[in-house]
Amino acid sequence: MSQAKGVAEKKQVNDKVLVQRVLDGEKSCYTELVLRHRKHLVRTIFKMTGDIMMAEDVVQESLLKAFEKLELFRGQSSFKSWLYRITINTAKNKLRRNRYDHVSMEHIELSMDSEDENDMFFAQLKDELAEKVDALPPKQRQALQLRVYEHLSFKAIAAIMECPYDTAKANYRHALLKLRSEIANNENVIGWHELGTPKIQSHWLAREAS
């Protein structure tokens with residue numbers, strides 16, 4: 001099999017099969033796993049820390065840890081969930097060592113239509129939401145981030161947070177309810193109700209956890 005065909009073939013294989021192939025001695029398969037997940041991991045940790053260099057370091061360290069402990073992956077959850085859990089725990093430890101008091105979310109960008117990006121109200125609403133997200137309890141903030149920004153299932157979120165499915169879902173829902181309540185009662189965004197359905201694409205704020 002040519003190198004090009006080998007690379008293409010690996011892209012069609014699911015994570016768990018690639019993990020098994022790495023364990024069987026085909027170490028090059030781990031490169032494909034890294035390519036699949038590294039970008040999303042960096043984005044997630046950057047949202048946690050607000051520091052791109054730290055995010056890169058955390059992800060690099062976590063990918064190495066995952067490789068070294070790959071035989072501990074039992075396949076009871078997805079490889080992605082297992083890898084996220086290692087990475088988030090590594091980030092928490094690094095933040096703790098660096099004596100950060102809390103996780104900053106100031107760099108999070110909510111998704112908006114381009115025409116709205118220039119609208120003062122929606123720019124203000126984005127800032128308000130980012131501040132409110134930053135003020136959420138840690139578990140609620142993490143559940144919200146993984147669900148909204150990483151589009152993970154509650155099953156995956158539960159695996160990453162090492163909690164029951166219902167707890168992950170409850171944390172997400174409590175975060176939504178708290179954000180909706182605080183935004184609705186904030187005088188700085190009083191136009192919220194007058195607009196009916198906001199044009200912001202991140203309409204998760206107005207929906208129940210599903």
# chains A, B, ... in the order shown; residues from 1 in each chain; ligands from 1

$ residues_around --residues "Gln140 of chain A" --least-positions-apart "4" --cutoff "10 Å" --atoms "only C-alpha atoms" --output "NGL selection string"
:A and (133 or 135-136 or 144-145 or 167-176 or 178)

$ select_by_dssp --residues "segment 1-105 of chain A" --states "alpha helix (DSSP H)" --output "MDAnalysis selection string"
chainID A and resid 3:11 15:23 29:49 52:68 79:97

$ atom_distance --atom1 "atom CA of Leu35 of chain A" --atom2 "atom CA of Leu23 of chain A"
17.9 Å

$ residues_around --residues "segment 156-158 of chain A" --least-positions-apart "3" --cutoff "10 Å" --atoms "only C-alpha atoms" --output "ChimeraX atom specification"
/A:77-82,84-85,142-147,150-153,161-169,172

$ atom_distance --atom1 "atom CA of Ile160 of chain A" --atom2 "atom CA of Leu129 of chain A"
24.2 Å

$ closest_residue --among "A:Ile88, A:Gly25, A:Lys65, A:Gln12" --to "Val42 of chain A" --atoms "only C-alpha atoms"
A:Ile88
